[in-house]
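Asker: Just one file: input-v3.csv, with CSV, C-alpha atoms.
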```
chain,number,residue,atom,x,y,z
A,21,MET,CA,0.0,0.0,0.0
A,22,ARG,CA,1.5,3.3,-1.1
A,23,ILE,CA,0.3,6.7,0.1
A,24,TYR,CA,0.5,10.0,-1.7
A,25,ASN,CA,-0.6,12.4,0.9
A,26,PHE,CA,1.2,13.8,4.0
A,27,ASP,CA,-2.0,13.6,6.0
A,28,GLU,CA,-1.8,9.8,5.9
A,29,VAL,CA,1.8,9.6,7.1
A,30,ILE,CA,2.3,8.6,10.7
A,31,GLY,CA,5.4,9.6,12.7
A,32,ASN,CA,8.4,11.8,12.0
A,33,VAL,CA,6.3,14.8,12.8
A,34,ALA,CA,9.1,17.4,13.0
A,35,THR,CA,10.7,16.3,9.7
A,36,ILE,CA,7.4,16.4,7.8
A,37,THR,CA,6.4,19.7,9.4
A,38,VAL,CA,9.6,21.3,8.1
A,39,MET,CA,9.1,19.8,4.7
A,40,ARG,CA,5.5,21.1,4.3
A,41,GLN,CA,6.4,24.6,5.5
A,42,SER,CA,9.3,24.8,3.0
A,43,LEU,CA,7.0,23.5,0.2
A,44,SER,CA,4.3,26.0,1.0
A,45,THR,CA,6.7,28.9,1.0
A,46,GLY,CA,8.4,27.8,-2.2
A,47,ILE,CA,11.9,27.3,-0.6
A,48,PHE,CA,12.2,23.5,-0.8
A,49,PRO,CA,15.9,22.9,-1.5
A,50,ALA,CA,17.2,22.0,-4.9
A,51,ILE,CA,19.4,19.2,-3.4
A,52,SER,CA,18.2,17.2,-0.4
A,53,VAL,CA,19.2,14.0,1.4
A,54,PHE,CA,16.5,11.8,2.9
A,55,SER,CA,18.3,9.8,5.5
A,56,GLY,CA,17.1,7.0,7.8
A,57,ALA,CA,16.8,3.3,8.5
A,58,TYR,CA,15.1,1.1,5.9
A,59,GLY,CA,11.3,1.3,5.8
A,60,THR,CA,10.9,4.5,7.8
A,61,GLY,CA,9.2,6.5,5.0
A,62,LYS,CA,12.0,8.1,3.0
A,63,SER,CA,10.9,6.9,-0.4
A,64,THR,CA,7.2,7.6,0.4
A,65,CYS,CA,7.9,11.1,1.5
A,66,ALA,CA,10.2,11.7,-1.5
A,67,GLU,CA,7.3,10.7,-3.8
A,68,ILE,CA,4.9,13.0,-1.9
A,69,VAL,CA,7.4,15.9,-2.1
A,70,SER,CA,7.8,15.3,-5.9
A,71,LEU,CA,4.0,15.4,-6.4
A,72,CYS,CA,3.8,18.7,-4.4
A,73,LEU,CA,6.6,20.2,-6.5
A,74,THR,CA,4.9,19.2,-9.8
A,75,CYS,CA,1.2,19.7,-8.8
A,76,ASP,CA,-0.9,22.2,-10.8
A,77,HIS,CA,-1.5,24.1,-7.5
A,78,GLU,CA,1.7,26.0,-6.9
A,79,ASN,CA,3.5,26.0,-3.5
A,80,CYS,CA,1.1,23.4,-2.1
A,81,ASN,CA,2.3,21.5,0.9
A,82,ASN,CA,0.1,18.4,0.0
A,83,PRO,CA,-0.5,17.1,-3.5
A,84,CYS,CA,-4.2,17.5,-4.6
A,85,GLY,CA,-4.0,14.0,-6.3
A,86,THR,CA,-6.7,15.1,-8.8
A,87,CYS,CA,-5.0,17.5,-11.2
A,88,THR,CA,-3.7,16.3,-14.5
A,89,ASN,CA,0.0,16.3,-13.3
A,90,CYS,CA,-0.8,14.5,-10.0
A,91,ARG,CA,-2.8,11.8,-11.8
A,92,THR,CA,-0.1,11.3,-14.4
A,93,ASN,CA,2.8,11.3,-12.0
A,94,ILE,CA,1.1,8.9,-9.5
A,95,LYS,CA,0.5,6.5,-12.3
A,96,ALA,CA,4.1,6.8,-13.4
A,97,LEU,CA,5.4,6.2,-9.8
A,98,GLN,CA,3.2,3.1,-9.6
A,99,THR,CA,4.6,1.7,-12.9
A,100,THR,CA,7.7,2.9,-14.7
A,101,GLY,CA,8.9,5.4,-12.1
A,102,LYS,CA,9.3,8.0,-14.9
A,103,SER,CA,7.1,10.8,-16.2
A,104,ALA,CA,7.7,14.1,-17.9
A,105,ASN,CA,8.3,15.8,-14.5
A,106,ILE,CA,9.4,13.0,-12.1
A,107,GLU,CA,12.1,10.3,-12.5
A,108,LYS,CA,12.8,7.7,-9.8
A,109,ILE,CA,16.2,6.0,-10.2
A,110,ASN,CA,17.5,3.1,-8.0
A,111,VAL,CA,21.3,3.4,-8.3
A,112,GLY,CA,21.7,0.3,-6.3
A,113,GLN,CA,20.5,-1.6,-9.4
A,114,LYS,CA,21.6,0.9,-12.1
A,115,ASN,CA,25.1,2.3,-11.4
A,116,THR,CA,27.4,1.6,-14.3
A,117,LYS,CA,29.4,4.5,-15.7
A,118,ASN,CA,26.9,4.8,-18.6
A,119,ASP,CA,24.0,4.9,-16.2
A,120,VAL,CA,25.6,7.6,-14.1
A,121,ASP,CA,26.5,9.6,-17.2
A,122,GLU,CA,22.9,9.4,-18.3
A,123,ILE,CA,21.6,10.6,-14.8
A,124,ILE,CA,24.0,13.5,-14.9
A,125,HIS,CA,22.9,14.4,-18.4
A,126,ASN,CA,19.2,14.2,-17.5
A,127,ILE,CA,19.6,16.2,-14.3
A,128,PHE,CA,22.1,18.9,-15.2
A,129,SER,CA,21.9,19.3,-19.0
A,130,LEU,CA,18.2,19.6,-19.7
A,131,ASP,CA,16.0,22.5,-18.9
A,132,ALA,CA,13.2,21.8,-16.5
A,133,GLY,CA,10.6,23.6,-18.7
A,134,ALA,CA,7.5,25.2,-17.5
A,135,LYS,CA,7.1,22.8,-14.6
A,136,ASN,CA,9.5,21.7,-11.9
A,137,LYS,CA,11.4,18.4,-12.5
A,138,VAL,CA,12.2,16.1,-9.7
A,139,PHE,CA,14.8,13.3,-9.6
A,140,ILE,CA,14.6,10.8,-6.7
A,141,ILE,CA,17.8,8.8,-6.4
A,142,GLU,CA,17.3,5.7,-4.3
A,143,GLU,CA,20.1,3.8,-2.5
A,144,ALA,CA,22.4,6.9,-3.1
A,145,HIS,CA,25.1,5.3,-1.0
A,146,SER,CA,25.6,2.7,-3.7
A,147,LEU,CA,27.4,5.3,-5.9
A,148,ASN,CA,31.2,5.0,-5.5
A,149,GLU,CA,33.5,7.9,-4.8
A,150,ALA,CA,34.2,8.6,-8.5
A,151,GLN,CA,30.5,8.6,-9.4
A,152,GLN,CA,29.7,11.0,-6.5
A,153,THR,CA,32.6,13.2,-7.6
A,154,ALA,CA,31.1,13.4,-11.1
A,155,LEU,CA,27.8,14.5,-9.7
A,156,LEU,CA,29.5,17.0,-7.5
A,157,GLU,CA,31.2,18.7,-10.5
A,158,GLU,CA,27.7,19.6,-11.8
A,159,LEU,CA,25.8,20.3,-8.6
A,160,ASP,CA,26.6,24.0,-8.6
A,161,LYS,CA,25.1,24.2,-12.1
A,162,ILE,CA,21.8,22.6,-11.3
A,163,PRO,CA,19.1,24.3,-13.4
A,164,LEU,CA,16.3,26.4,-11.8
A,165,GLY,CA,13.2,24.3,-11.1
A,166,VAL,CA,15.2,21.0,-10.9
A,167,HIS,CA,15.2,19.2,-7.6
A,168,VAL,CA,17.3,16.2,-6.7
A,169,ILE,CA,16.4,14.0,-3.7
A,170,PHE,CA,19.0,11.5,-2.5
A,171,CYS,CA,17.5,8.7,-0.4
A,172,THR,CA,19.9,6.6,1.7
A,173,THR,CA,20.1,4.4,4.7
A,174,ARG,CA,23.9,5.1,5.0
A,175,PRO,CA,24.4,8.9,4.8
A,176,THR,CA,28.1,8.6,5.9
A,177,LYS,CA,28.7,6.8,2.6
A,178,LEU,CA,28.0,10.0,0.8
A,179,LEU,CA,30.9,12.4,0.3
A,180,PRO,CA,31.0,15.2,2.8
A,181,GLU,CA,31.2,17.7,-0.1
A,182,LEU,CA,27.9,16.3,-1.4
A,183,ARG,CA,26.2,16.4,2.0
A,184,SER,CA,27.3,20.0,2.6
A,185,ARG,CA,25.5,21.1,-0.5
A,186,ALA,CA,22.2,19.4,0.6
A,187,ILE,CA,19.6,19.9,3.2
A,188,THR,CA,19.2,16.6,5.2
A,189,PHE,CA,15.8,15.4,6.3
A,190,THR,CA,16.1,12.6,8.9
A,191,PHE,CA,13.6,9.8,9.2
A,192,ASN,CA,13.4,7.7,12.4
A,193,ARG,CA,11.5,4.6,13.5
A,194,LEU,CA,8.1,5.1,15.0
A,195,ASN,CA,7.6,5.2,18.7
A,196,ASN,CA,5.2,2.7,20.4
A,197,SER,CA,2.1,5.0,20.2
A,198,GLU,CA,2.8,5.8,16.6
A,199,SER,CA,3.3,2.2,15.7
A,200,ALA,CA,0.0,1.2,17.5
A,201,ALA,CA,-1.8,4.1,15.7
A,202,LEU,CA,-0.5,2.9,12.3
A,203,LEU,CA,-1.5,-0.7,13.1
A,204,GLU,CA,-5.1,0.3,14.1
A,205,LYS,CA,-5.4,2.4,10.9
A,206,LEU,CA,-4.3,-0.5,8.7
A,207,CYS,CA,-6.7,-2.8,10.4
A,208,VAL,CA,-9.6,-0.4,9.7
A,209,GLN,CA,-8.5,0.0,6.1
A,210,ASN,CA,-8.2,-3.8,5.5
A,211,ARG,CA,-11.3,-4.5,7.5
A,212,ILE,CA,-9.7,-7.0,9.8
A,213,ALA,CA,-9.9,-7.4,13.6
A,214,LEU,CA,-6.7,-8.6,15.2
A,215,ALA,CA,-6.5,-10.1,18.7
A,216,ASP,CA,-4.3,-8.1,21.1
A,217,ASP,CA,-1.7,-10.9,21.3
A,218,ILE,CA,-1.3,-10.8,17.5
A,219,LYS,CA,-1.0,-7.0,17.5
A,220,ASN,CA,1.7,-7.3,20.1
A,221,VAL,CA,3.6,-9.9,18.0
A,222,VAL,CA,3.4,-7.6,14.9
A,223,LEU,CA,4.5,-4.5,16.8
A,224,ASP,CA,7.3,-6.4,18.5
A,225,TYR,CA,8.5,-7.8,15.2
A,226,ALA,CA,8.3,-4.5,13.3
A,227,LYS,CA,10.4,-2.6,15.8
A,228,GLY,CA,8.9,0.7,14.7
A,229,VAL,CA,9.5,0.3,11.0
A,230,PRO,CA,6.3,1.4,9.2
A,231,ARG,CA,7.0,-0.8,6.1
A,232,GLN,CA,7.2,-3.9,8.3
A,233,ILE,CA,3.9,-3.1,9.9
A,234,VAL,CA,2.2,-2.5,6.6
A,235,ASN,CA,3.6,-5.7,5.0
A,236,LEU,CA,2.6,-7.8,8.0
A,237,VAL,CA,-0.9,-6.5,8.3
A,238,GLU,CA,-1.5,-6.9,4.5
A,239,PHE,CA,-0.1,-10.5,4.7
A,240,ILE,CA,-2.2,-11.4,7.8
A,241,ALA,CA,-5.3,-9.9,6.2
A,242,LYS,CA,-5.1,-12.5,3.4
A,243,GLY,CA,-5.3,-15.5,5.7
A,244,ASP,CA,-6.8,-16.7,8.9
A,245,PHE,CA,-3.8,-17.4,11.2
A,246,GLU,CA,-3.6,-18.3,14.9
A,247,SER,CA,-1.3,-16.1,17.0
A,248,GLN,CA,1.0,-19.0,17.7
A,249,THR,CA,1.3,-19.7,14.0
A,250,ILE,CA,2.2,-16.0,13.3
A,251,THR,CA,4.7,-16.0,16.2
A,252,GLU,CA,6.5,-19.1,15.0
A,253,PHE,CA,6.4,-17.9,11.3
A,254,LEU,CA,8.0,-14.6,12.2
A,255,GLY,CA,10.5,-16.3,14.5
A,256,VAL,CA,9.5,-14.2,17.5
A,257,ILE,CA,10.7,-15.5,20.8
A,258,ASP,CA,8.0,-14.9,23.5
A,259,ASP,CA,9.3,-12.7,26.3
A,260,GLU,CA,8.2,-15.4,28.7
A,261,ASN,CA,11.0,-17.7,27.5
A,262,PHE,CA,13.6,-15.1,28.5
A,263,ILE,CA,11.8,-14.3,31.8
A,264,ASP,CA,11.9,-18.1,32.6
A,265,LEU,CA,15.6,-18.1,31.7
A,266,PHE,CA,16.5,-15.2,34.0
A,267,GLU,CA,14.3,-16.6,36.7
A,268,SER,CA,16.2,-19.9,36.5
A,269,MET,CA,19.5,-18.0,37.0
A,270,GLN,CA,18.4,-17.1,40.5
A,271,SER,CA,18.6,-20.7,41.5
A,272,ASN,CA,21.8,-22.2,43.0
A,273,ASN,CA,21.0,-25.3,40.9
A,274,PHE,CA,23.0,-24.7,37.7
A,275,LEU,CA,21.2,-27.5,35.9
A,276,ILE,CA,17.9,-25.7,36.1
A,277,MET,CA,19.3,-22.8,34.0
A,278,ILE,CA,21.0,-25.2,31.6
A,279,ASN,CA,17.7,-27.1,31.0
A,280,CYS,CA,15.9,-23.8,30.4
A,281,LEU,CA,18.5,-22.7,28.0
A,282,ASP,CA,18.5,-26.0,26.1
A,283,ASN,CA,14.8,-25.7,25.7
A,284,ILE,CA,15.2,-22.4,23.9
A,285,PHE,CA,17.9,-23.9,21.7
A,286,LYS,CA,15.5,-26.6,20.6
A,287,HIS,CA,13.1,-24.2,19.1
A,288,TYR,CA,15.2,-21.2,17.8
A,289,THR,CA,18.5,-20.5,16.0
A,290,LEU,CA,21.4,-19.0,17.9
A,291,ASP,CA,21.5,-15.7,15.8
A,292,LEU,CA,17.8,-15.2,16.5
A,293,ILE,CA,18.2,-15.9,20.2
A,294,ILE,CA,21.1,-13.4,20.4
A,295,GLU,CA,19.2,-10.6,18.6
A,296,GLN,CA,16.0,-11.0,20.6
A,297,LEU,CA,17.9,-11.4,23.9
A,298,LYS,CA,19.4,-8.0,23.2
A,299,ASN,CA,16.0,-6.5,22.6
A,300,PHE,CA,14.6,-8.2,25.7
A,301,THR,CA,17.3,-6.8,28.1
A,302,LEU,CA,16.8,-3.4,26.5
A,303,LYS,CA,13.1,-3.5,27.3
A,304,VAL,CA,14.0,-4.6,30.9
A,305,LEU,CA,16.3,-1.5,31.1
A,306,PHE,CA,13.5,0.8,30.0
A,307,LEU,CA,11.1,-0.8,32.4
A,308,ARG,CA,13.4,-0.7,35.4
A,309,GLU,CA,14.8,2.8,34.7
A,310,GLY,CA,11.9,4.6,33.2
A,311,GLY,CA,8.8,2.5,34.0
A,312,ILE,CA,8.2,1.9,30.2
A,313,THR,CA,6.2,-1.4,30.0
A,314,ASP,CA,6.5,-1.7,26.2
A,315,ASN,CA,4.6,-4.9,25.3
A,316,PHE,CA,5.1,-6.6,28.7
A,317,THR,CA,1.8,-7.9,30.2
A,318,SER,CA,1.0,-6.9,33.8
A,319,GLN,CA,2.0,-10.3,35.0
A,320,GLU,CA,5.3,-10.1,33.1
A,321,VAL,CA,6.0,-6.7,34.6
A,322,LYS,CA,5.6,-8.2,38.1
A,323,ARG,CA,8.0,-11.1,37.3
A,324,VAL,CA,10.6,-8.8,35.6
A,325,ASN,CA,10.6,-6.4,38.5
A,326,GLN,CA,11.0,-9.2,41.0
A,327,ILE,CA,13.9,-10.9,39.0
A,328,PHE,CA,15.8,-7.7,38.4
A,329,LYS,CA,15.1,-5.9,41.6
A,330,ASN,CA,18.7,-5.9,42.9
A,331,VAL,CA,20.5,-6.4,39.5
A,332,ASP,CA,22.8,-3.9,37.8
A,333,ILE,CA,20.8,-3.5,34.7
A,334,LEU,CA,23.4,-1.4,32.8
A,335,GLY,CA,26.0,-4.0,33.6
A,336,LEU,CA,23.7,-6.7,32.4
A,337,ASN,CA,23.1,-4.9,29.1
A,338,GLN,CA,26.8,-4.4,28.6
A,339,ILE,CA,27.4,-8.2,28.8
A,340,VAL,CA,24.5,-8.9,26.5
A,341,TYR,CA,25.6,-6.3,23.9
A,342,SER,CA,29.1,-7.7,24.0
A,343,ILE,CA,27.8,-11.0,22.5
A,344,ALA,CA,28.7,-11.0,18.8
A,345,TYR,CA,26.0,-11.9,16.3
A,346,ASN,CA,28.4,-14.6,14.9
A,347,ALA,CA,29.2,-16.0,18.3
A,348,THR,CA,29.5,-19.8,18.7
A,349,GLU,CA,27.2,-21.6,21.0
A,350,ALA,CA,30.1,-22.1,23.4
A,351,ASP,CA,30.8,-18.3,23.4
A,352,PHE,CA,27.1,-17.6,24.0
A,353,LYS,CA,26.8,-20.0,26.9
A,354,TYR,CA,29.9,-18.5,28.5
A,355,LYS,CA,28.2,-15.1,28.4
A,356,ILE,CA,25.1,-16.6,29.9
A,357,ILE,CA,27.2,-17.9,32.8
A,358,LYS,CA,28.6,-14.4,33.3
A,359,ILE,CA,25.1,-13.0,33.3
A,360,ARG,CA,24.1,-15.6,35.9
A,361,GLN,CA,27.1,-14.5,38.0
A,362,LEU,CA,25.7,-10.9,37.8
A,363,ILE,CA,22.2,-12.0,38.7
A,364,LEU,CA,23.4,-14.0,41.8
A,365,ASN,CA,25.9,-11.2,42.7
A,366,LYS,CA,28.5,-13.8,43.5
A,367,LYS,CA,32.1,-14.4,42.6
A,368,MET,CA,32.6,-17.1,40.0
A,369,SER,CA,34.5,-19.3,42.5
A,370,ASP,CA,31.5,-19.1,44.9
A,371,ILE,CA,29.2,-20.1,42.1
A,372,ILE,CA,31.4,-23.1,41.2
A,373,GLN,CA,31.5,-24.1,44.8
A,374,ASP,CA,27.7,-23.9,45.0
A,375,ASN,CA,27.4,-26.0,41.9
A,376,LEU,CA,29.8,-28.7,43.4
A,377,ILE,CA,27.7,-28.7,46.6
A,378,ASN,CA,24.5,-29.1,44.6
A,379,ALA,CA,26.0,-31.8,42.4
A,380,SER,CA,27.2,-33.7,45.5
A,381,ALA,CA,23.8,-33.4,47.1
A,382,GLN,CA,22.1,-34.7,43.9
A,383,GLN,CA,24.5,-37.7,43.9
A,384,ARG,CA,23.6,-38.4,47.5
A,385,ARG,CA,19.9,-38.2,46.7
A,386,ALA,CA,20.4,-40.5,43.7
A,387,LYS,CA,22.1,-43.0,46.0
A,388,VAL,CA,19.3,-42.8,48.5
A,389,ILE,CA,16.7,-43.3,45.8
A,390,GLN,CA,18.7,-46.2,44.4
A,391,GLN,CA,19.0,-47.9,47.8
A,392,ASP,CA,15.3,-47.3,48.6
A,393,THR,CA,14.4,-48.9,45.3
A,394,SER,CA,16.7,-51.9,45.9
A,395,ASN,CA,15.2,-52.4,49.4
A,396,SER,CA,11.7,-52.2,48.0
A,397,ILE,CA,12.5,-54.9,45.5
A,398,HIS,CA,14.0,-57.2,48.1
A,399,GLN,CA,11.1,-56.7,50.4
A,400,ARG,CA,8.6,-57.7,47.6
A,401,ILE,CA,10.7,-60.8,46.9
A,402,ASN,CA,10.7,-61.8,50.5
A,403,GLU,CA,7.0,-61.3,50.9
A,404,THR,CA,6.3,-63.9,48.1
A,405,PRO,CA,9.1,-66.5,48.5
A,406,LEU,CA,9.4,-69.3,45.9
A,407,THR,CA,8.6,-72.9,47.1
A,408,LYS,CA,11.7,-75.0,47.4
A,409,LEU,CA,11.7,-77.5,44.5
A,410,ASP,CA,12.9,-81.0,45.6
A,411,PHE,CA,12.1,-84.7,44.9
A,412,SER,CA,9.4,-84.8,47.6
A,413,SER,CA,7.6,-81.9,46.1
A,414,LEU,CA,7.8,-83.3,42.6
A,415,ALA,CA,6.3,-86.6,43.8
A,416,SER,CA,3.5,-84.8,45.6
A,417,MET,CA,2.7,-82.9,42.4
A,418,GLU,CA,2.6,-86.1,40.4
A,419,ILE,CA,0.2,-87.8,42.9
A,420,LYS,CA,-2.1,-84.8,42.7
A,421,ASN,CA,-2.1,-84.9,38.8
A,422,GLU,CA,-2.9,-88.7,38.8
A,423,SER,CA,-5.9,-88.3,41.2
A,424,LYS,CA,-7.3,-85.5,38.9
A,425,SER,CA,-7.1,-87.8,35.9
```
Now, as a test, write the supplied structure out as structure tokens.

Answerer:
Amino acid sequence: MRIYNFDEVIGNVATITVMRQSLSTGIFPAISVFSGAYGTGKSTCAEIVSLCLTCDHENCNNPCGTCTNCRTNIKALQTTGKSANIEKINVGQKNTKNDVDEIIHNIFSLDAGAKNKVFIIEEAHSLNEAQQTALLEELDKIPLGVHVIFCTTRPTKLLPELRSRAITFTFNRLNNSESAALLEKLCVQNRIALADDIKNVVLDYAKGVPRQIVNLVEFIAKGDFESQTITEFLGVIDDENFIDLFESMQSNNFLIMINCLDNIFKHYTLDLIIEQLKNFTLKVLFLREGGITDNFTSQEVKRVNQIFKNVDILGLNQIVYSIAYNATEADFKYKIIKIRQLILNKKMSDIIQDNLINASAQQRRAKVIQQDTSNSIHQRINETPLTKLDFSSLASMEIKNESKS
């Protein structure tokens, strides 16, 4: 679902406010950089800006969508990406020398004509230094009425000289309330009712990225899925798994934690566990330090507060964030042991001693159980002793059989 109206955009309020004001006053920059994480609305807003700049209504801060230019340009954006006034180019896919030469020729050598002309350059960071330098040589000669929008997820890959000539508009992920508002809006538009647990899964997975929320809702709208199915499909690890894991760390019995950890390994890959463990501990930090419950249920909030009541949360997050995404299972388990040490607030030597004591106690219990079992078996045998088999008994059995016959 693509939108072509600023009124429908949720989030990035300050950025969009500045855009709309500059459009309405006719001072929108000739060269601009739209910077931010993937899926945060850079391309969508670049398209809306291009429609504003080419709309029949001059200096509008929102495209009308009904004039000849708007209708033509929207159709072009939905198909070829090119019209008489707008051209959208993905230089991640089209960045040979000839391609860049053609872009330079189109932008800097042709007059804009009666109407503004807008070039949207997607994945601008894909241009190498030589290609960006070639663009730089022409930037000061950009014709009046021509606007170039560079969209990028990696602005530092753009040459400082290029960035210094542009106005940068920054796009951020949505906060929790904005994400929830977008989700509700999409549910209404798609005429679907999602249970709260499914909504939480979607929001947790999307991490404030509008595109993720849109894609997920549109996908779910096409099928009738159980929340557990969606959770497993998205590879979302329920917070309760991590709560159980940290709860098990409070026990002096090391095996309880190992069993809990092994259970998580049975269902999820290591890289997924590492990524979502980092997200979980960050949520714990926000809860403990700022009272931000995020998507925790009321019961989970109680458990988390109890587990981490006397824990150095910042120290915990430092250990977790030191886990490399390409860590081996052994490396990961070692970090988990370090975290357990922090949870218990004990020296490693004390923890090892506790584990030895617990192991010894378990061995003693095993011996007691084994002895009790052995005694029980002997007792049952003694209660039903076998009759001694000798010649006298055999003769007696034979006499009884003859009398019966």

Asker: Here is a test: counting all atoms listed in the file, which residue of A:Gln152, A:Thr37, A:Gln296, A:Asn196 is nearest to Asn261 (chain A)?

Answerer: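 Of A:Gln152, A:Thr37, A:Gln296, A:Asn196, the one nearest Asn261 (chain A), counting all atoms listed in the file, is A:Gln296.
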
Asker: Using all atoms listed in the file, which residues sit within 7 Å of region 177-187 of chain A once same-chain residues fewer than 6 positions away are excluded, as a list in words?

Answerer: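 In the requested form, the answer reads Pro49, Ile51, Ser52, Val53, His145 and Leu156 of chain A.
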
Asker: Please, which residues are within 9 Å of (5.9, 10.0, 0.1) by the file's coordinates, counting only C-alpha atoms, and could they come as a PyMOL selection string?

Answerer: chain A and resi 22-26+29+61-71

Asker: Identify which of the residues A:His167, A:Arg323, A:Lys358, A:Arg211 lies closest to Ile141 (chain A), counting only C-alpha atoms when measuring atom-to-atom distances.

Answerer: A:His167

Asker: So, counting only C-alpha atoms, which residue among A:Leu202, A:Cys80, A:Ile140, A:Ile127 is closest to Glu28 (chain A)?

Answerer: A:Leu202

Asker: When you get a chance, write out N, CA and C atoms for region 317-335 of chain A, as a short mmCIF file (atom, residue, chain, number, x, y, z; two decimals), in the coordinates of the input.

Answerer:
```cif
data_model
loop_
_atom_site.label_atom_id
_atom_site.label_comp_id
_atom_site.auth_asym_id
_atom_site.auth_seq_id
_atom_site.Cartn_x
_atom_site.Cartn_y
_atom_site.Cartn_z
N THR A 317 3.13 -7.83 29.51
CA THR A 317 1.80 -7.90 30.20
C THR A 317 2.02 -7.52 31.65
N SER A 318 0.90 -7.30 32.35
CA SER A 318 1.00 -6.90 33.80
C SER A 318 1.67 -7.99 34.58
N GLN A 319 1.40 -9.25 34.26
CA GLN A 319 2.00 -10.30 35.00
C GLN A 319 3.53 -10.40 34.71
N GLU A 320 3.90 -10.14 33.44
CA GLU A 320 5.30 -10.10 33.10
C GLU A 320 6.05 -8.98 33.76
N VAL A 321 5.39 -7.85 33.88
CA VAL A 321 6.00 -6.70 34.60
C VAL A 321 6.33 -7.06 36.01
N LYS A 322 5.41 -7.76 36.68
CA LYS A 322 5.60 -8.20 38.10
C LYS A 322 6.85 -9.11 38.16
N ARG A 323 6.91 -10.07 37.26
CA ARG A 323 8.00 -11.10 37.30
C ARG A 323 9.34 -10.39 37.00
N VAL A 324 9.35 -9.51 35.99
CA VAL A 324 10.60 -8.80 35.60
C VAL A 324 11.09 -7.96 36.77
N ASN A 325 10.18 -7.21 37.38
CA ASN A 325 10.60 -6.40 38.50
C ASN A 325 11.13 -7.18 39.66
N GLN A 326 10.56 -8.35 39.89
CA GLN A 326 11.00 -9.20 41.00
C GLN A 326 12.40 -9.78 40.66
N ILE A 327 12.60 -10.25 39.42
CA ILE A 327 13.90 -10.90 39.00
C ILE A 327 15.02 -9.87 39.08
N PHE A 328 14.76 -8.67 38.56
CA PHE A 328 15.80 -7.70 38.40
C PHE A 328 15.86 -6.60 39.45
N LYS A 329 15.20 -6.90 40.57
CA LYS A 329 15.10 -5.90 41.60
C LYS A 329 16.41 -5.38 42.12
N ASN A 330 17.36 -6.27 42.31
CA ASN A 330 18.70 -5.90 42.90
C ASN A 330 19.80 -6.12 41.86
N VAL A 331 19.47 -6.08 40.58
CA VAL A 331 20.50 -6.40 39.50
C VAL A 331 20.96 -5.10 38.87
N ASP A 332 22.25 -5.07 38.56
CA ASP A 332 22.80 -3.90 37.80
C ASP A 332 22.42 -4.07 36.36
N ILE A 333 21.33 -3.36 36.00
CA ILE A 333 20.80 -3.50 34.70
C ILE A 333 21.71 -3.02 33.57
N LEU A 334 22.41 -1.91 33.83
CA LEU A 334 23.40 -1.40 32.80
C LEU A 334 24.49 -2.41 32.62
N GLY A 335 24.98 -2.99 33.71
CA GLY A 335 26.00 -4.00 33.60
C GLY A 335 25.53 -5.22 32.83
#
```
